[in-house]
Each structure stands twice: as C-alpha cells, then as structure tokens.
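Trainee: Sharing model.cif here; it has mmCIF, C-alpha atoms.
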data_query
#
loop_
_atom_site.label_atom_id
_atom_site.label_comp_id
_atom_site.auth_asym_id
_atom_site.auth_seq_id
_atom_site.Cartn_x
_atom_site.Cartn_y
_atom_site.Cartn_z
CA MET A 1 -32.10 -10.02 -41.39
CA ALA A 2 -29.05 -8.12 -42.65
CA ARG A 3 -25.94 -10.23 -43.17
CA ARG A 4 -22.73 -9.17 -41.45
CA PRO A 5 -19.95 -8.29 -43.91
CA THR A 6 -17.08 -10.77 -44.09
CA ILE A 7 -13.43 -10.67 -45.09
CA LYS A 8 -14.50 -12.22 -48.41
CA ASP A 9 -16.86 -9.27 -49.02
CA ILE A 10 -14.07 -6.79 -48.33
CA ALA A 11 -11.65 -8.63 -50.61
CA ARG A 12 -14.16 -8.67 -53.49
CA GLN A 13 -15.00 -4.96 -53.05
CA ALA A 14 -11.33 -3.91 -52.75
CA GLY A 15 -10.17 -6.17 -55.56
CA VAL A 16 -7.58 -8.01 -53.46
CA SER A 17 -7.10 -11.47 -51.98
CA GLU A 18 -8.60 -12.52 -48.64
CA SER A 19 -5.08 -12.98 -47.23
CA ALA A 20 -4.28 -9.36 -48.11
CA VAL A 21 -7.40 -8.25 -46.23
CA SER A 22 -6.34 -10.31 -43.20
CA PHE A 23 -2.85 -8.80 -43.29
CA ALA A 24 -4.22 -5.26 -43.54
CA LEU A 25 -6.86 -5.54 -40.81
CA ASN A 26 -4.49 -7.25 -38.37
CA ASP A 27 -1.60 -4.81 -38.91
CA ARG A 28 0.66 -7.52 -40.33
CA PRO A 29 3.30 -6.95 -43.02
CA GLY A 30 2.71 -8.19 -46.56
CA VAL A 31 0.69 -5.39 -48.17
CA SER A 32 1.62 -1.89 -49.26
CA GLN A 33 0.47 1.20 -47.37
CA ASP A 34 -1.84 2.21 -50.21
CA THR A 35 -3.45 -1.25 -50.30
CA ARG A 36 -3.78 -1.31 -46.52
CA ALA A 37 -5.51 2.09 -46.56
CA ARG A 38 -7.88 1.00 -49.38
CA ILE A 39 -8.82 -2.20 -47.55
CA ARG A 40 -9.53 -0.36 -44.30
CA ARG A 41 -11.62 2.22 -46.14
CA VAL A 42 -13.71 -0.51 -47.75
CA ALA A 43 -14.08 -2.31 -44.41
CA GLU A 44 -15.37 0.86 -42.81
CA GLU A 45 -17.80 1.51 -45.67
CA LEU A 46 -19.20 -2.01 -45.35
CA GLY A 47 -19.52 -1.70 -41.55
CA TRP A 48 -17.17 -4.59 -40.86
CA GLN A 49 -16.19 -5.29 -37.22
CA PRO A 50 -13.75 -7.93 -35.95
CA ASN A 51 -15.21 -11.11 -34.47
CA SER A 52 -14.33 -10.84 -30.78
CA ALA A 53 -14.71 -14.58 -30.16
CA ALA A 54 -12.37 -15.43 -33.01
CA ARG A 55 -9.86 -12.85 -31.84
CA ALA A 56 -9.96 -14.30 -28.33
CA LEU A 57 -9.33 -17.81 -29.65
CA SER A 58 -6.32 -16.52 -31.56
CA GLY A 59 -4.87 -15.02 -28.38
CA GLU A 60 -5.80 -11.42 -29.13
CA ARG A 61 -7.71 -9.13 -26.79
CA SER A 62 -11.46 -9.67 -26.57
CA GLY A 63 -12.19 -5.95 -26.38
CA ALA A 64 -14.41 -6.39 -23.31
CA VAL A 65 -14.14 -6.13 -19.53
CA GLY A 66 -16.41 -7.79 -16.99
CA LEU A 67 -18.41 -6.59 -14.00
CA VAL A 68 -20.18 -9.11 -11.74
CA LEU A 69 -22.57 -8.17 -8.96
CA ALA A 70 -23.28 -10.72 -6.23
CA ARG A 71 -26.24 -9.07 -4.52
CA PRO A 72 -29.93 -9.82 -4.19
CA ALA A 73 -31.41 -8.75 -7.53
CA HIS A 74 -34.40 -7.07 -5.86
CA THR A 75 -32.09 -4.51 -4.22
CA LEU A 76 -30.72 -3.16 -7.52
CA GLY A 77 -33.70 -1.63 -9.26
CA VAL A 78 -34.13 1.28 -6.88
CA GLU A 79 -30.56 1.95 -5.75
CA SER A 80 -28.96 4.85 -7.60
CA PHE A 81 -25.35 4.11 -6.61
CA PHE A 82 -24.75 1.35 -9.14
CA LEU A 83 -26.51 3.21 -11.94
CA GLN A 84 -24.19 6.17 -11.43
CA LEU A 85 -21.15 3.93 -11.01
CA VAL A 86 -21.84 2.05 -14.25
CA SER A 87 -22.48 5.29 -16.11
CA GLY A 88 -18.99 6.50 -15.17
CA ILE A 89 -17.43 3.15 -16.12
CA GLN A 90 -19.25 3.09 -19.44
CA GLU A 91 -18.20 6.65 -20.27
CA VAL A 92 -14.52 5.67 -20.16
CA LEU A 93 -14.93 2.26 -21.81
CA SER A 94 -17.02 3.65 -24.67
CA ALA A 95 -14.33 6.20 -25.47
CA ALA A 96 -11.82 3.34 -25.57
CA ARG A 97 -14.16 1.20 -27.75
CA THR A 98 -14.24 -1.44 -25.02
CA ALA A 99 -17.43 -3.34 -24.17
CA LEU A 100 -18.75 -3.91 -20.64
CA LEU A 101 -20.00 -7.43 -19.89
CA PHE A 102 -22.29 -7.20 -16.83
CA GLN A 103 -23.89 -10.06 -14.90
CA VAL A 104 -25.75 -10.47 -11.60
CA VAL A 105 -25.19 -13.71 -9.65
CA GLU A 106 -26.52 -15.23 -6.44
CA ASP A 107 -23.42 -15.23 -4.27
CA ILE A 108 -19.63 -14.95 -4.12
CA ASP A 109 -19.13 -18.62 -5.09
CA ALA A 110 -21.12 -18.10 -8.27
CA GLU A 111 -19.09 -14.97 -8.98
CA CYS A 112 -15.80 -16.88 -8.66
CA ALA A 113 -17.13 -19.64 -10.93
CA LEU A 114 -18.06 -17.03 -13.52
CA TYR A 115 -14.56 -15.55 -13.43
CA ARG A 116 -13.11 -19.01 -14.11
CA ARG A 117 -15.46 -19.49 -17.07
CA TRP A 118 -14.76 -16.06 -18.51
CA TRP A 119 -11.02 -16.72 -18.20
CA ALA A 120 -11.27 -20.15 -19.85
CA GLU A 121 -13.38 -18.78 -22.69
CA ARG A 122 -11.28 -15.60 -23.03
CA ARG A 123 -14.49 -13.61 -22.83
CA VAL A 124 -12.96 -10.59 -21.10
CA ASP A 125 -9.55 -8.94 -20.91
CA GLY A 126 -10.01 -7.91 -17.27
CA VAL A 127 -12.63 -7.35 -14.59
CA LEU A 128 -13.91 -4.66 -12.27
CA VAL A 129 -14.61 -6.12 -8.83
CA VAL A 130 -17.24 -4.48 -6.61
CA ASP A 131 -18.29 -4.95 -2.99
CA PRO A 132 -14.94 -6.05 -1.48
CA ARG A 133 -15.43 -8.44 1.41
CA MET A 134 -13.54 -9.31 4.54
CA ARG A 135 -11.37 -12.36 3.79
CA ASP A 136 -12.27 -11.86 0.14
CA PRO A 137 -11.31 -14.87 -2.05
CA ARG A 138 -11.53 -12.95 -5.34
CA PRO A 139 -8.18 -11.09 -5.47
CA ALA A 140 -6.23 -14.34 -4.93
CA LEU A 141 -8.33 -16.17 -7.53
CA LEU A 142 -7.91 -13.44 -10.14
CA GLY A 143 -4.19 -13.29 -9.42
CA ALA A 144 -3.88 -17.06 -9.88
CA LEU A 145 -5.80 -16.87 -13.16
CA GLY A 146 -3.70 -13.97 -14.35
CA LEU A 147 -6.87 -12.01 -15.10
CA PRO A 148 -6.23 -8.26 -14.67
CA ALA A 149 -8.55 -6.71 -12.12
CA VAL A 150 -9.39 -3.48 -10.36
CA THR A 151 -11.27 -3.60 -7.07
CA ILE A 152 -13.77 -0.78 -6.57
CA GLY A 153 -13.25 -0.27 -2.86
CA GLU A 154 -10.43 -1.53 -0.69
CA PRO A 155 -10.33 -5.26 0.20
CA GLU A 156 -10.02 -6.00 3.91
CA ALA A 157 -9.53 -2.31 4.64
CA ALA A 158 -10.66 -2.79 8.22
CA ASP A 159 -7.86 -5.32 8.84
CA ARG A 160 -5.00 -2.94 8.13
CA PRO A 161 -4.27 0.75 8.37
CA SER A 162 -5.23 2.81 5.34
CA PRO A 163 -2.39 4.55 3.51
CA ALA A 164 -2.22 8.33 3.51
CA PRO A 165 -4.23 9.58 0.51
CA GLU A 166 -1.23 11.40 -0.91
CA VAL A 167 1.01 8.31 -0.73
CA PRO A 168 -0.88 5.30 -2.18
CA GLU A 169 0.67 1.98 -1.22
CA PRO A 170 1.56 -0.67 -3.81
CA ALA A 171 -1.09 -3.29 -4.55
CA ALA A 172 -1.02 -6.78 -6.06
CA VAL A 173 -4.45 -6.05 -7.52
CA SER A 174 -5.31 -2.46 -8.37
CA CYS A 175 -8.02 -0.74 -6.39
CA VAL A 176 -9.81 2.58 -6.19
CA ARG A 177 -10.98 3.49 -2.74
CA ALA A 178 -13.08 6.04 -0.91
CA ASP A 179 -12.47 7.50 2.52
CA ASP A 180 -15.38 5.92 4.42
CA ALA A 181 -13.78 6.73 7.78
CA GLY A 182 -13.50 10.41 6.91
CA ALA A 183 -17.08 10.45 5.65
CA MET A 184 -18.40 8.90 8.86
CA ALA A 185 -16.43 11.46 10.88
CA GLN A 186 -18.25 14.23 8.99
CA VAL A 187 -21.62 12.67 9.79
CA LEU A 188 -20.82 12.29 13.50
CA ASP A 189 -19.40 15.82 13.65
CA HIS A 190 -22.66 17.16 12.25
CA LEU A 191 -25.02 15.17 14.47
CA HIS A 192 -22.95 15.52 17.63
CA GLY A 193 -22.65 19.25 17.03
CA LEU A 194 -26.43 19.49 16.86
CA GLY A 195 -26.66 17.76 20.23
CA HIS A 196 -27.55 14.17 19.27
CA ARG A 197 -26.34 11.51 21.69
CA ARG A 198 -28.45 8.51 20.62
CA ILE A 199 -27.61 7.62 17.04
CA VAL A 200 -28.28 4.41 15.09
CA HIS A 201 -26.53 3.55 11.84
CA ILE A 202 -28.78 1.49 9.53
CA ALA A 203 -25.97 -0.29 7.71
CA GLY A 204 -25.80 -2.44 4.59
CA LEU A 205 -24.84 -6.05 4.05
CA PRO A 206 -22.66 -7.56 6.80
CA GLY A 207 -19.31 -8.90 5.62
CA LEU A 208 -18.77 -6.24 2.96
CA ALA A 209 -15.52 -4.42 3.66
CA HIS A 210 -17.09 -0.97 3.42
CA THR A 211 -19.94 -1.96 5.79
CA VAL A 212 -17.40 -3.15 8.37
CA ARG A 213 -15.28 -0.05 7.80
CA ARG A 214 -18.24 2.28 8.36
CA MET A 215 -19.35 0.42 11.48
CA ASP A 216 -15.81 0.50 12.90
CA SER A 217 -15.53 4.20 12.08
CA LEU A 218 -18.85 4.90 13.80
CA ARG A 219 -17.63 3.21 17.00
CA THR A 220 -14.30 5.04 16.87
CA GLU A 221 -15.88 8.45 16.27
CA ALA A 222 -18.50 7.84 18.97
CA ALA A 223 -15.88 6.81 21.54
CA ARG A 224 -13.83 9.90 20.67
CA ARG A 225 -16.85 11.96 21.73
CA GLY A 226 -17.47 9.98 24.91
CA LEU A 227 -20.42 8.00 23.55
CA GLY A 228 -20.70 4.28 24.28
CA PRO A 229 -22.29 1.38 22.35
CA ASP A 230 -25.52 1.85 24.31
CA GLN A 231 -25.84 5.31 22.72
CA VAL A 232 -24.38 4.85 19.22
CA ARG A 233 -24.54 1.57 17.31
CA SER A 234 -25.13 -0.09 13.91
CA VAL A 235 -27.72 -2.58 12.67
CA VAL A 236 -27.26 -4.43 9.37
CA THR A 237 -29.69 -4.88 6.47
CA ASP A 238 -29.62 -6.00 2.85
CA TYR A 239 -29.76 -2.38 1.51
CA SER A 240 -33.41 -2.74 0.46
CA ASP A 241 -36.18 -0.31 1.28
CA ALA A 242 -38.10 -3.13 2.99
CA GLU A 243 -35.30 -3.97 5.43
CA GLY A 244 -34.48 -0.30 5.92
CA ALA A 245 -38.09 0.34 6.91
CA ALA A 246 -38.20 -2.72 9.18
CA ALA A 247 -34.97 -1.74 10.95
CA THR A 248 -36.30 1.80 11.43
CA ARG A 249 -39.53 0.49 12.95
CA ARG A 250 -37.60 -1.72 15.40
CA VAL A 251 -35.23 0.95 16.70
CA LEU A 252 -37.95 3.60 17.03
CA ALA A 253 -40.00 1.19 19.16
CA GLU A 254 -37.21 0.87 21.75
CA PRO A 255 -37.69 2.39 25.25
CA GLN A 256 -34.90 4.88 24.52
CA PRO A 257 -35.22 5.43 20.76
CA PRO A 258 -32.49 7.18 18.79
CA THR A 259 -32.81 10.86 17.99
CA ALA A 260 -30.85 10.43 14.73
CA LEU A 261 -30.60 7.71 12.08
CA VAL A 262 -27.81 7.33 9.52
CA TYR A 263 -28.70 5.16 6.51
CA ASP A 264 -26.18 3.46 4.22
CA ASN A 265 -28.08 4.44 1.06
CA ASP A 266 -30.71 6.87 -0.16
CA VAL A 267 -33.46 4.29 -0.62
CA MET A 268 -33.36 3.13 2.99
CA ALA A 269 -33.26 6.74 4.19
CA VAL A 270 -36.43 7.60 2.27
CA ALA A 271 -38.13 4.40 3.49
CA GLY A 272 -37.11 5.18 7.07
CA SER A 273 -38.48 8.71 6.82
CA ALA A 274 -41.80 7.27 5.62
CA VAL A 275 -41.92 4.94 8.63
CA ALA A 276 -41.29 7.88 10.97
CA ALA A 277 -44.14 9.81 9.34
CA GLU A 278 -46.43 6.79 9.69
CA LEU A 279 -45.59 6.57 13.41
CA GLY A 280 -46.25 10.28 13.90
CA ILE A 281 -42.60 11.10 14.52
CA PRO A 282 -41.75 14.34 12.72
CA VAL A 283 -38.48 14.74 10.83
CA PRO A 284 -36.48 16.65 11.98
CA GLY A 285 -38.63 17.73 14.95
CA ARG A 286 -38.11 14.49 16.86
CA LEU A 287 -35.84 12.50 14.53
CA SER A 288 -32.94 13.55 12.32
CA VAL A 289 -32.16 11.54 9.17
CA VAL A 290 -28.91 11.32 7.17
CA ALA A 291 -28.40 9.39 3.90
CA TRP A 292 -24.94 8.09 3.03
CA ASP A 293 -25.36 8.62 -0.74
CA ASP A 294 -27.02 11.70 -2.16
CA SER A 295 -29.46 11.32 -5.06
CA ALA A 296 -32.53 12.88 -6.61
CA LEU A 297 -34.60 10.95 -4.04
CA CYS A 298 -32.88 12.83 -1.22
CA ARG A 299 -33.52 16.17 -2.88
CA VAL A 300 -37.22 15.69 -3.72
CA THR A 301 -38.29 14.05 -0.44
CA HIS A 302 -39.97 16.34 2.08
CA PRO A 303 -38.11 17.34 4.09
CA ARG A 304 -35.05 17.17 1.87
CA LEU A 305 -32.51 14.74 3.30
CA THR A 306 -29.10 15.65 4.64
CA ALA A 307 -26.71 13.46 2.64
CA LEU A 308 -23.10 12.70 1.77
CA VAL A 309 -22.41 14.07 -1.69
CA ARG A 310 -19.78 12.32 -3.78
CA ASP A 311 -19.00 11.90 -7.44
CA THR A 312 -20.09 8.28 -7.87
CA ALA A 313 -19.82 8.45 -11.66
CA GLY A 314 -16.30 9.83 -11.19
CA PHE A 315 -15.55 6.82 -8.96
CA GLY A 316 -16.56 4.57 -11.86
CA ARG A 317 -14.47 6.58 -14.34
CA LEU A 318 -11.44 6.26 -12.07
CA ALA A 319 -11.87 2.47 -11.86
CA ALA A 320 -12.25 2.07 -15.62
CA GLU A 321 -9.23 4.28 -16.29
CA GLU A 322 -7.13 2.21 -13.88
CA LEU A 323 -8.17 -1.06 -15.52
CA LEU A 324 -7.37 0.24 -19.00
CA ALA A 325 -3.98 1.40 -17.72
CA VAL A 326 -3.26 -2.08 -16.33
CA LEU A 327 -4.38 -3.70 -19.60
CA ALA A 328 -1.96 -1.38 -21.42
CA GLY A 329 0.90 -2.79 -19.35
CA GLY A 330 0.97 -0.43 -16.39
CA PRO A 331 1.67 -1.61 -12.83
CA PRO A 332 -1.21 -2.20 -10.41
CA GLY A 333 -1.76 0.54 -7.86
CA VAL A 334 -4.16 2.38 -5.58
CA ARG A 335 -6.21 5.39 -6.69
CA ILE A 336 -8.06 7.60 -4.24
CA SER A 337 -11.46 9.07 -5.09
CA GLU A 338 -12.31 12.58 -4.01
CA GLN A 339 -13.47 13.11 -0.42
CA PRO A 340 -17.27 13.02 0.04
CA ARG A 341 -18.80 16.10 1.66
CA LEU A 342 -21.84 16.27 3.90
CA GLU A 343 -24.67 18.46 2.56
CA PRO A 344 -26.85 19.54 5.51
CA ARG A 345 -30.53 19.91 4.54
CA GLU A 346 -33.87 20.08 6.31
CA SER A 347 -33.87 16.51 7.71
CA THR A 348 -31.36 17.26 10.51
CA ALA A 349 -31.83 19.59 13.48
CA PRO A 350 -31.12 19.63 17.24
CA PRO A 351 -32.96 16.85 19.12
CA PRO A 352 -35.96 17.79 21.27
CA ARG A 353 -35.11 18.43 24.91
CA ILE A 354 -37.86 16.09 26.06
CA LEU A 355 -35.96 13.13 24.62
CA ASN A 356 -32.73 14.22 26.32
CA PRO A 357 -33.68 15.09 29.92
CA GLU A 358 -30.11 14.98 31.30
CA PRO A 359 -28.58 18.50 31.33
CA PHE A 360 -25.35 17.38 29.65
CA LEU A 361 -27.34 15.79 26.82
CA GLU A 362 -29.35 18.88 26.01
CA PRO A 363 -28.72 20.37 22.59
CA PRO A 364 -26.67 23.54 22.48
CA PRO A 365 -28.72 26.77 22.66
#
Spit out the file's structure as structure tokens when you get a sec.
Mentor:
Amino acid sequence: MARRPTIKDIARQAGVSESAVSFALNDRPGVSQDTRARIRRVAEELGWQPNSAARALSGERSGAVGLVLARPAHTLGVESFFLQLVSGIQEVLSAARTALLFQVVEDIDAECALYRRWWAERRVDGVLVVDPRMRDPRPALLGALGLPAVTIGEPEAADRPSPAPEVPEPAAVSCVRADDAGAMAQVLDHLHGLGHRRIVHIAGLPGLAHTVRRMDSLRTEAARRGLGPDQVRSVVTDYSDAEGAAATRRVLAEPQPPTALVYDNDVMAVAGSAVAAELGIPVPGRLSVVAWDDSALCRVTHPRLTALVRDTAGFGRLAAEELLAVLAGGPPGVRISEQPRLEPRESTAPPPRILNPEPFLEPPP
C-alpha cells in the first residue's frame, strides 16, 4: 500500500525545516515568497493533501458538506430525482474542491442525531437539508448548533403565503424552493381542458412539506374549476413503485374510477401504467397518466408519459451555490428555481364519453 506523503517528506525534499513547511502550507508568515513557492511545488509533486480531520480539530474548515436522507432505503434505487439532484450538487462542490458526505438514515430523529455528531466532530462545514417537513425540527436545531444550512425546498410552506418569486423574503436558514403550486395548476389546466372531472393524485410521503403543498394546491385548483373532493383528491404513498401500483389498483377498482391519475414521481407513474395495462384499461383511451418528474423512464414507456419537466440538476447546483455563499460569509436567503413546464405526450387525452355520461362532464369536441 502506498504511503501518504507527510510534512516531513516535503521538508526533506525541499531542504527546509518542518516548521517552514507548516508556515507555507497554512499561509502563515515566517517564510519568504520564494521558499513558500518551492514548498508548495514540492507538495504538489508529492501529491500531498491536508488532513481534514486535523484541520477540523485545529478550528479550520473541514472541506466537506453533509447531505442526509431520511427515507426508506428501498425507495432510492429507482427514483431518478435524487440522482439528478446530487449530480448538480456534486458539480458545484467538485469545482470548489469541497467533498460531499452523504448518509441515509431511518427517520428524522436519526437525522438530527447525526447532525449533532457531525457538529461535535467538526466533520462538515455545513449541510444541505432535503425533504422539508411540516413542523420541521431541523432548522431550529441547525440554528442552535450554528451549523450553516440550506434547505432544498421550503419548510412549512403550506403554513404561510409564499413570497413573490421576484422578491425573495429573508430567511434564518437559506432555502431554494420550487413553485409546486404553479406546477399543479399546469397539470390541472391540462387535464381539465381535456375534459377530465375525476382526477386522483397519487402523492408521496405524508408530512413532507412539498407533499402537503401539492395536495393543498390540488384542492385549490379543483375548487377553482368547480370540482369537489368527491371528484378530485389525493392518496399518499411512500414513493415506491409497489405502493404506487397498489394505490392505482385501489382507485381503479372504485365504482366511479378516476379518468386521470397524477403521480408524484416517474417510478410510480410507470408502475401505475403497468397496473392499468394488466387490468385491460388502455392509456390514454380510458385513463390519462401524468408524472410529476420527467425522466428517461417517462420517455421510453409506451405510451410516452406526459410529465412536468424541470432542471433537477440545476436545482441541486443552486442549493450548493447558496451553501458555498453562506460558508463564505454571505447572508442566508431564498433562491427560486426555474418554473417547471408540463410536457404533454401520448399518455393524456380526453376521457371516454362512456365514463362521463352527464352532458356537462363530456369532453370538449
């Protein structure tokens, strides 16, 4: 096994004392510019890197940020959202020579305990917080610890009015947010315009702020179009293909089944389409399907799925940039990601007249 180069190795190669090497590599006075340049050149040739643990113990930055995911592990392997999000985060952090420390935990309590340990051990300089929850304990904890943080999504967004996108409001903890309400309005506009009046939203985990926000937006947009909770509603799942399929099977077995289903991710949408095919319900002939997040799955499934297209990697880049700005001494704030857009494809069409016998529920000609 190759041995990592040490300060002693650099000192011997450069012909200087170990204290001179320490001064040069830590930007401290005590060595000339020529000596400093020679020491750094030798360090680079030897492949020397600073010991992050030692730097943390000395009060310096660790050179790493943390990302914790408190979700069932079995839901992660097939969901494209987090892969794209992390790719955007990593793109920015790599350019800044900052490491990403990622960990999956069982629940929110385990996540909070991990933050306390990371803070005590000085393992990370800051954290990126995903899946904001209603009555979320994490912002207050991170504020009390003094651990810089950026929330990916808006905490408790359903409890207070959202600021206008062009005038972000101040925040104690930075956040980047997406316009879930505007996205849901696009979905309802599309389905209602096609003539659908019985719509079920197969939602994600209950208690997540964005799940609640989407469900609230669905009710608001439905009521605006004169549709009640008996016609348009949400059911919650754990985001997995198994629960997405099970929820689809339940709602399609109802006496008055929906003519359109809106899924909170691509995996559930594909699973739901497979259930419809198994039951002999053609998409979009008798059932329209919309996926909240577009992905390759949506584009290769037959028929191709209508989906909300957004720059998920760009969302991750925005979050990483905000955290680096806070770590550099900037004030916390709110950043707004670009508006998602609905991409109509072959999985949505007017509902069949036989499922909507009332004249006012018939699809437009």
Trainee: Grab the CA of Glu221 (chain A) to CA of Ala178 (chain A) distance for me, in Å with one decimal place.
Mentor: 17.6 Å
Trainee: Applied to this file, what does the PyMOL selection byres ((chain A and resi 31-45) around 7) return in terms of residues, put as a count of residues only?
Mentor: 12
Trainee: Might you spell out which residues the PyMOL selection byres ((chain A and resi 103) around 10) would select in the displayed file, as a PyMOL selection string?
Mentor: chain A and resi 66-70+100-102+104-105+111+114
Trainee: I'd like to know which of A:Leu93, A:Val283, A:Gly226, A:Cys112 is closest to Leu318 (chain A), using only C-alpha atoms.
Mentor: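 The closest residue to Leu318 (chain A) is A:Leu93.
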Trainee: Take the point (-22.1, 8.6, -7.5) as written in the file and pick out every residue within 9 Å of it, counting all atoms listed in the file; give the list as a list in words.
Mentor: Ser80, Phe81, Phe82, Leu83, Gln84, Leu85, Gly88, Asp293, Asp294, Ser295, Val309, Arg310, Asp311, Thr312, Ala313, Gly314, Phe315 and Gly316 of chain A
Trainee: Let me make sure I understand: among A:Leu218, A:Ile202, A:Ile89, A:Ala223, which one has the smallest atom-to-atom distance to Glu243 (chain A) if we use all atoms listed in the file?
Mentor: A:Ile202
Trainee: Written as a list in words, which residues does the PyMOL selection byres ((chain A and resi 242) around 12) give for the file shown?
Mentor: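 Residues picked by the PyMOL selection byres ((chain A and resi 242) around 12): His74, Thr75, Val78, Thr237, Asp238, Tyr239, Ser240, Asp241, Glu243, Gly244, Ala245, Ala246, Ala247, Thr248, Arg249, Val267, Met268, Ala269, Val270, Ala271, Gly272, Ala274 and Val275 of chain A.
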Trainee: What does the distance between CA of Ser217 (chain A) and CA of Ala185 (chain A) come to in Å, to one decimal place?
Mentor: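 Computing it gives 7.4 Å between the two atoms.
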Trainee: My list of candidates is A:Glu18, A:Glu321, A:Glu106, A:Asp9. Which is closest to Val150 (chain A) when distances are computed with only C-alpha atoms?
Mentor: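 Among the listed residues, the smallest separation from Val150 (chain A) belongs to A:Glu321.
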Trainee: Looking at all atoms listed in the file, which of A:Arg353, A:Arg123, A:Arg177, A:Lys8 is the one that sits closest to Leu287 (chain A)?
Mentor: A:Arg353
Trainee: With all atoms listed in the file as the atoms that count, which of A:Val326, A:Met184, A:Val129, A:Leu252 lies nearest to Pro148 (chain A)?
Mentor: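 Closest residue, counting all atoms listed in the file: A:Val326.
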Trainee: Leu308 (chain A): which residues within 10 Å, counting all atoms listed in the file, same-chain residues fewer than 6 positions away excluded, as a ChimeraX atom specification?
Mentor: /A:183-184,186-187,265-266,290-295,339-344
Trainee: One number please: CA of Ser288 (chain A) to CA of Gln256 (chain A), in Å, one decimal.
Mentor: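 One can read the CA of Ser288 (chain A) to CA of Gln256 (chain A) distance as 15.1 Å.
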Trainee: When you look at His302 (chain A) with a cut-off of 10 Å (counting only C-alpha atoms), what residues show up, excluding the ones that are within fewer than 3 positions of it in the same chain? I need them as a list of chain:residue names.
Mentor: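 These residues fall inside the cut-off: A:Val270, A:Ser273, A:Ala274, A:Val283, A:Leu297, A:Cys298, A:Arg299, A:Leu305, A:Glu346, A:Ser347.
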Trainee: Leaving out Ala96 (chain A) and any residue of its chain fewer than 6 positions from it, which residues lie within 10 Å of it when counting only C-alpha atoms, given as a list in words?
Mentor: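 Once the nearby chain positions are removed, what remains is Gly63, Gln90, Glu321 and Leu324 of chain A.
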Trainee: Identify the residues around (-9.4, -14.6, -4.6) within a radius of 12 Å, measuring from only C-alpha atoms in the coordinates stated by the file, and give them as an NGL selection string.
Mentor: :A and (108-109 or 111-113 or 115-116 or 129 or 132-147 or 149 or 151 or 155 or 172-173)
